[in-house]
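**Student:** Below is target.pdb; it holds PDB, C-alpha atoms.
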ATOM      1  CA  MET Q1143     270.303 122.651-115.427
ATOM      2  CA  LEU Q1144     269.174 119.071-114.913
ATOM      3  CA  GLY Q1145     265.847 120.338-113.528
ATOM      4  CA  ALA Q1146     265.270 122.487-116.627
ATOM      5  CA  LEU Q1147     266.037 119.550-118.900
ATOM      6  CA  ALA Q1148     263.626 117.368-116.927
ATOM      7  CA  ALA Q1149     260.925 120.069-117.266
ATOM      8  CA  VAL Q1150     261.374 120.154-121.047
ATOM      9  CA  VAL Q1151     261.130 116.354-121.209
ATOM     10  CA  CYS Q1152     258.015 116.478-119.016
ATOM     11  CA  VAL Q1153     256.328 119.024-121.317
ATOM     12  CA  ALA Q1154     257.238 116.951-124.378
ATOM     13  CA  LEU Q1155     255.790 113.812-122.818
ATOM     14  CA  GLY Q1156     252.615 115.640-121.787
ATOM     15  CA  LEU Q1157     252.113 117.096-125.261
ATOM     16  CA  GLY Q1158     252.797 113.695-126.765
ATOM     17  CA  LEU Q1159     250.029 112.225-124.611
ATOM     18  CA  GLN Q1160     247.636 114.827-126.032
ATOM     19  CA  LEU Q1161     248.297 113.404-129.493
ATOM     20  CA  LEU Q1162     247.418 109.871-128.389
ATOM     21  CA  GLY Q1163     243.818 110.729-127.559
ATOM     22  CA  ARG Q1164     241.869 110.347-124.340
ATOM     23  CA  SER Q1165     241.555 107.423-122.003
ATOM     24  CA  PRO Q1166     241.518 107.091-118.227
ATOM     25  CA  LEU Q1167     245.075 105.733-118.295
ATOM     26  CA  LEU Q1168     246.406 108.568-120.456
ATOM     27  CA  ASP Q1169     244.541 111.139-118.354
ATOM     28  CA  GLY Q1170     246.104 109.678-115.210
ATOM     29  CA  ILE Q1171     249.601 109.737-116.683
ATOM     30  CA  GLY Q1172     249.012 113.315-117.811
ATOM     31  CA  SER Q1173     247.952 114.303-114.294
ATOM     32  CA  VAL Q1174     251.056 112.688-112.818
ATOM     33  CA  LEU Q1175     253.231 114.559-115.330
ATOM     34  CA  TYR Q1176     251.401 117.793-114.525
ATOM     35  CA  VAL Q1177     252.467 117.640-110.873
ATOM     36  CA  VAL Q1178     256.018 116.701-111.835
ATOM     37  CA  LEU Q1179     256.179 119.687-114.189
ATOM     38  CA  VAL Q1180     254.782 122.077-111.574
ATOM     39  CA  GLY Q1181     257.386 120.827-109.112
ATOM     40  CA  LEU Q1182     260.197 121.216-111.609
ATOM     41  CA  LEU Q1183     259.060 124.795-112.240
ATOM     42  CA  VAL Q1184     259.062 125.441-108.480
ATOM     43  CA  LEU Q1185     262.563 123.988-108.410
ATOM     44  CA  LEU Q1186     263.713 126.333-111.181
ATOM     45  CA  VAL Q1187     262.518 129.320-109.145
ATOM     46  CA  ARG Q1188     263.874 128.053-105.804
ATOM     47  CA  PRO Q1189     266.592 125.474-106.534
ATOM     48  CA  THR Q1190     267.646 124.981-102.918
ATOM     49  CA  LEU Q1191     264.258 123.931-101.547
ATOM     50  CA  PRO Q1192     264.175 120.472 -99.996
ATOM     51  CA  ALA Q1193     262.686 117.750-102.190
ATOM     52  CA  LEU Q1194     259.778 117.232 -99.791
ATOM     53  CA  VAL Q1195     258.901 120.938 -99.901
ATOM     54  CA  VAL Q1196     259.049 121.001-103.714
ATOM     55  CA  ALA Q1197     256.835 117.903-103.992
ATOM     56  CA  SER Q1198     254.386 119.270-101.405
ATOM     57  CA  ALA Q1199     254.198 122.658-103.136
ATOM     58  CA  ALA Q1200     253.583 120.983-106.489
ATOM     59  CA  LEU Q1201     250.806 118.870-104.998
ATOM     60  CA  ALA Q1202     249.236 121.926-103.363
ATOM     61  CA  ILE Q1203     249.371 124.008-106.566
ATOM     62  CA  ALA Q1204     247.944 121.236-108.750
ATOM     63  CA  THR Q1205     245.191 120.520-106.213
ATOM     64  CA  ALA Q1206     244.301 124.219-106.006
ATOM     65  CA  ILE Q1207     244.027 124.412-109.795
ATOM     66  CA  GLU Q1208     241.880 121.268-109.854
ATOM     67  CA  LEU Q1209     239.551 122.697-107.214
ATOM     68  CA  PHE Q1210     239.476 126.004-109.128
ATOM     69  CA  GLN Q1211     237.863 124.027-111.967
ATOM     70  CA  LEU Q1212     234.763 123.684-109.788
ATOM     71  CA  THR Q1213     234.104 127.397-110.392
ATOM     72  CA  GLY Q1214     233.870 127.024-114.179
ATOM     73  CA  ILE Q1215     236.332 129.874-114.681
ATOM     74  CA  PRO Q1216     239.110 127.700-116.147
ATOM     75  CA  ASP Q1217     236.642 126.292-118.694
ATOM     76  CA  ALA Q1218     235.639 129.830-119.693
ATOM     77  CA  ILE Q1219     239.287 130.845-120.019
ATOM     78  CA  GLY Q1220     239.949 127.738-122.119
ATOM     79  CA  THR Q1221     237.086 128.658-124.439
ATOM     80  CA  VAL Q1222     238.683 132.034-125.144
ATOM     81  CA  VAL Q1223     242.319 130.839-125.057
ATOM     82  CA  PRO Q1224     242.378 127.108-125.954
ATOM     83  CA  PRO Q1225     246.031 126.509-124.950
ATOM     84  CA  ALA Q1226     245.079 127.600-121.412
ATOM     85  CA  ARG Q1227     243.266 124.266-121.070
ATOM     86  CA  LEU Q1228     246.680 122.618-120.876
ATOM     87  CA  VAL Q1229     247.426 124.673-117.761
ATOM     88  CA  PHE Q1230     244.029 125.035-116.086
ATOM     89  CA  GLY Q1231     242.077 122.068-117.416
ATOM     90  CA  SER Q1232     238.377 122.401-118.010
ATOM     91  CA  ALA Q1233     236.402 120.195-115.642
ATOM     92  CA  PHE Q1234     236.924 118.889-112.121
ATOM     93  CA  ASP Q1235     237.826 115.208-111.898
ATOM     94  CA  PRO Q1236     238.356 113.664-108.450
ATOM     95  CA  PHE Q1237     240.550 110.976-110.059
ATOM     96  CA  ASP Q1238     243.041 113.728-110.884
ATOM     97  CA  LEU Q1239     243.519 114.383-107.171
ATOM     98  CA  LEU Q1240     244.663 110.776-106.692
ATOM     99  CA  ALA Q1241     246.961 111.016-109.710
ATOM    100  CA  TYR Q1242     248.442 114.226-108.283
ATOM    101  CA  VAL Q1243     249.486 112.349-105.143
ATOM    102  CA  GLY Q1244     251.223 109.798-107.361
ATOM    103  CA  GLY Q1245     252.883 112.642-109.249
ATOM    104  CA  ALA Q1246     254.123 114.188-106.010
ATOM    105  CA  VAL Q1247     255.638 110.862-104.941
ATOM    106  CA  LEU Q1248     257.264 110.437-108.360
ATOM    107  CA  LEU Q1249     258.578 114.005-108.195
ATOM    108  CA  PHE Q1250     260.045 113.438-104.746
ATOM    109  CA  LEU Q1251     261.822 110.300-105.967
ATOM    110  CA  LEU Q1252     263.036 112.078-109.105
ATOM    111  CA  LEU Q1253     264.473 114.902-107.027
ATOM    112  CA  ARG Q1254     266.236 112.409-104.766
ATOM    113  CA  VAL Q1255     267.855 110.845-107.851
ATOM    114  CA  ILE Q1256     268.875 114.292-109.131
ATOM    115  CA  VAL Q1257     270.445 115.107-105.752
ATOM    116  CA  ARG Q1258     272.391 111.864-105.812
ATOM    117  CA  LEU Q1259     273.596 112.613-109.342
ATOM    118  CA  THR Q1260     274.652 116.116-108.360
ATOM    119  CA  ARG Q1261     276.779 114.712-105.560
ATOM    120  CA  VAL Q1262     278.722 112.721-108.121
ATOM    121  CA  VAL Q1263     278.778 115.360-110.873
ATOM    122  CA  PRO Q1264     278.165 118.880-109.526
ATOM    123  CA  LEU Q1265     275.348 120.504-111.517
ATOM    124  CA  THR Q1266     273.276 123.579-110.818
ATOM    125  CA  GLY Q1267     269.533 123.455-110.299
ATOM    126  CA  VAL Q1268     269.163 121.225-107.248
ATOM    127  CA  GLY Q1269     270.728 122.203-103.971
ATOM    128  CA  ILE Q1270     272.148 119.821-101.415
ATOM    129  CA  GLU Q1271     269.411 121.089 -99.094
ATOM    130  CA  SER Q1272     267.027 119.070-101.286
ATOM    131  CA  ASP Q1273     268.332 115.955 -99.549
ATOM    132  CA  ARG Q1274     266.349 116.627 -96.383
TER     133      ARG Q1274
END
Translate the structure described by the file into structure tokens.
**Tutor:**
Amino acid sequence: MLGALAAVVCVALGLGLQLLGRSPLLDGIGSVLYVVLVGLLVLLVRPTLPALVVASAALAIATAIELFQLTGIPDAIGTVVPPARLVFGSAFDPFDLLAYVGGAVLLFLLLRVIVRLTRVVPLTGVGIESDR
């Protein structure tokens, strides 16, 4: 439950950034949020995964999508279906790879906080196994 709420907040923040325009800082924050969102989605599918596994999977997925941009296919998809750009991006940016690492670290820390909260107030969505 807490993970789903965090995912909704993450999407809202990411969409809000889109309204602010483009700058290297906003792009970096968006990339960090992207990894956090991917991790939260992984967590929704497999709520008992350890925090390190969730953060690593999110980093791997985001990196794979970023590298996929080198093929030009995501840009072509985004031309036909503009909202797909929010998922696949359009052009490779090596800076995004650095931001993804920051996002994975933030995600790991966020999951640790969620685990600590769930120990105090039992909630579904993050298993105790996430504490490894």
**Student:** Excluding same-chain residues fewer than 2 positions from Tyr1242 in chain Q, what lies within 12 Å of it counting all atoms listed in the file, as JSON, numbers by chain?
**Tutor:** {"Q": [1169, 1170, 1171, 1172, 1173, 1174, 1175, 1176, 1177, 1178, 1179, 1180, 1181, 1197, 1198, 1199, 1200, 1201, 1202, 1203, 1204, 1205, 1206, 1207, 1208, 1235, 1236, 1237, 1238, 1239, 1240, 1244, 1245, 1246, 1247, 1248, 1249]}
**Student:** Restrict the selected residues to C-alpha atoms and save them as a compact mmCIF listing (two decimals), in the frame of the given file.
**Tutor:**
# COMPACT_ATOMS: atom_id res chain seq x y z
CA ASP Q 1169 244.54 111.14 -118.35
CA GLY Q 1170 246.10 109.68 -115.21
CA ILE Q 1171 249.60 109.74 -116.68
CA GLY Q 1172 249.01 113.32 -117.81
CA SER Q 1173 247.95 114.30 -114.29
CA VAL Q 1174 251.06 112.69 -112.82
CA LEU Q 1175 253.23 114.56 -115.33
CA TYR Q 1176 251.40 117.79 -114.52
CA VAL Q 1177 252.47 117.64 -110.87
CA VAL Q 1178 256.02 116.70 -111.84
CA LEU Q 1179 256.18 119.69 -114.19
CA VAL Q 1180 254.78 122.08 -111.57
CA GLY Q 1181 257.39 120.83 -109.11
CA ALA Q 1197 256.83 117.90 -103.99
CA SER Q 1198 254.39 119.27 -101.40
CA ALA Q 1199 254.20 122.66 -103.14
CA ALA Q 1200 253.58 120.98 -106.49
CA LEU Q 1201 250.81 118.87 -105.00
CA ALA Q 1202 249.24 121.93 -103.36
CA ILE Q 1203 249.37 124.01 -106.57
CA ALA Q 1204 247.94 121.24 -108.75
CA THR Q 1205 245.19 120.52 -106.21
CA ALA Q 1206 244.30 124.22 -106.01
CA ILE Q 1207 244.03 124.41 -109.80
CA GLU Q 1208 241.88 121.27 -109.85
CA ASP Q 1235 237.83 115.21 -111.90
CA PRO Q 1236 238.36 113.66 -108.45
CA PHE Q 1237 240.55 110.98 -110.06
CA ASP Q 1238 243.04 113.73 -110.88
CA LEU Q 1239 243.52 114.38 -107.17
CA LEU Q 1240 244.66 110.78 -106.69
CA GLY Q 1244 251.22 109.80 -107.36
CA GLY Q 1245 252.88 112.64 -109.25
CA ALA Q 1246 254.12 114.19 -106.01
CA VAL Q 1247 255.64 110.86 -104.94
CA LEU Q 1248 257.26 110.44 -108.36
CA LEU Q 1249 258.58 114.00 -108.20
**Student:** For a test of reading the model, state the distance in Å between CA of Leu1259 in chain Q and CA of Leu1144 in chain Q, rounded to one decimal.
**Tutor:**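 So the answer is 9.6 Å.
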**Student:** Which one is closest to Leu1182 in chain Q: Q:Leu1251, Q:Val1223, Q:Ala1148, Q:Val1257? Count all atoms listed in the file.
**Tutor:**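 With all atoms listed in the file as the atom set, the closest residue is Q:Ala1148.
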**Student:** Work out how far apart CA of Val1243 in chain Q and CA of Ile1219 in chain Q are and give it in Å to one decimal.
**Tutor:**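 Computed distance, CA of Val1243 in chain Q to CA of Ile1219 in chain Q, equals 25.8 Å.
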**Student:** List the residues matched by the PyMOL selection byres ((chain Q and resi 1230-1232) around 10) in the displayed structure as a list in words, ordered by chain and then by residue number.
**Tutor:** Ala1204, Ile1207, Glu1208, Phe1210, Gln1211, Leu1212, Gly1214, Ile1215, Pro1216, Asp1217, Ala1218, Ile1219, Gly1220, Thr1221, Pro1224, Pro1225, Ala1226, Arg1227, Leu1228, Val1229, Ala1233, Phe1234 and Asp1235 of chain Q
**Student:** Could you write out that same residue set with C-alpha atoms as a CSV table (one decimal), in the coordinates of the input?
**Tutor:**
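Output file result.csv is given in full below:
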chain,number,residue,atom,x,y,z
Q,1204,ALA,CA,247.9,121.2,-108.8
Q,1207,ILE,CA,244.0,124.4,-109.8
Q,1208,GLU,CA,241.9,121.3,-109.9
Q,1210,PHE,CA,239.5,126.0,-109.1
Q,1211,GLN,CA,237.9,124.0,-112.0
Q,1212,LEU,CA,234.8,123.7,-109.8
Q,1214,GLY,CA,233.9,127.0,-114.2
Q,1215,ILE,CA,236.3,129.9,-114.7
Q,1216,PRO,CA,239.1,127.7,-116.1
Q,1217,ASP,CA,236.6,126.3,-118.7
Q,1218,ALA,CA,235.6,129.8,-119.7
Q,1219,ILE,CA,239.3,130.8,-120.0
Q,1220,GLY,CA,239.9,127.7,-122.1
Q,1221,THR,CA,237.1,128.7,-124.4
Q,1224,PRO,CA,242.4,127.1,-126.0
Q,1225,PRO,CA,246.0,126.5,-125.0
Q,1226,ALA,CA,245.1,127.6,-121.4
Q,1227,ARG,CA,243.3,124.3,-121.1
Q,1228,LEU,CA,246.7,122.6,-120.9
Q,1229,VAL,CA,247.4,124.7,-117.8
Q,1233,ALA,CA,236.4,120.2,-115.6
Q,1234,PHE,CA,236.9,118.9,-112.1
Q,1235,ASP,CA,237.8,115.2,-111.9
**Student:** Between Q:Leu1162, Q:Ile1256, Q:Leu1167, Q:Leu1194, which has the minimum distance to Ala1146 in chain Q (counting only C-alpha atoms)?
**Tutor:**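 Nearest candidate to Ala1146 in chain Q out of Q:Leu1162, Q:Ile1256, Q:Leu1167, Q:Leu1194: Q:Ile1256.
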**Student:** Which residue is closest to Val1255 in chain Q? Choose from Q:Leu1183, Q:Gly1145, Q:Ser1165, Q:Pro1189 and count only C-alpha atoms.
**Tutor:**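 Of all the options, Q:Gly1145 lies closest to Val1255 in chain Q.
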**Student:** Output, as JSON, the centre and edge lengths in Å (one decimal) of the axis-aligned box that contains all listed atoms of range 1215-1230 of chain Q with 3 Å of margin on each side.
**Tutor:**
{"center_x": 241.5, "center_y": 127.3, "center_z": -120.3, "size_x": 17.8, "size_y": 15.4, "size_z": 17.3}
**Student:** Kindly give the distance, in Å, that separates CA of Arg1164 in chain Q and CA of Val1151 in chain Q, rounded to a single decimal.
**Tutor:**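 Spanning CA of Arg1164 in chain Q to CA of Val1151 in chain Q is a straight-line distance of 20.4 Å.
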**Student:** Quick one: of Q:Leu1191, Q:Val1184, Q:Val1222, Q:Leu1168, who's nearest to Ala1149 in chain Q, counting only C-alpha atoms?
**Tutor:**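 Once distances to Ala1149 in chain Q are computed over only C-alpha atoms, the minimum belongs to Q:Val1184.
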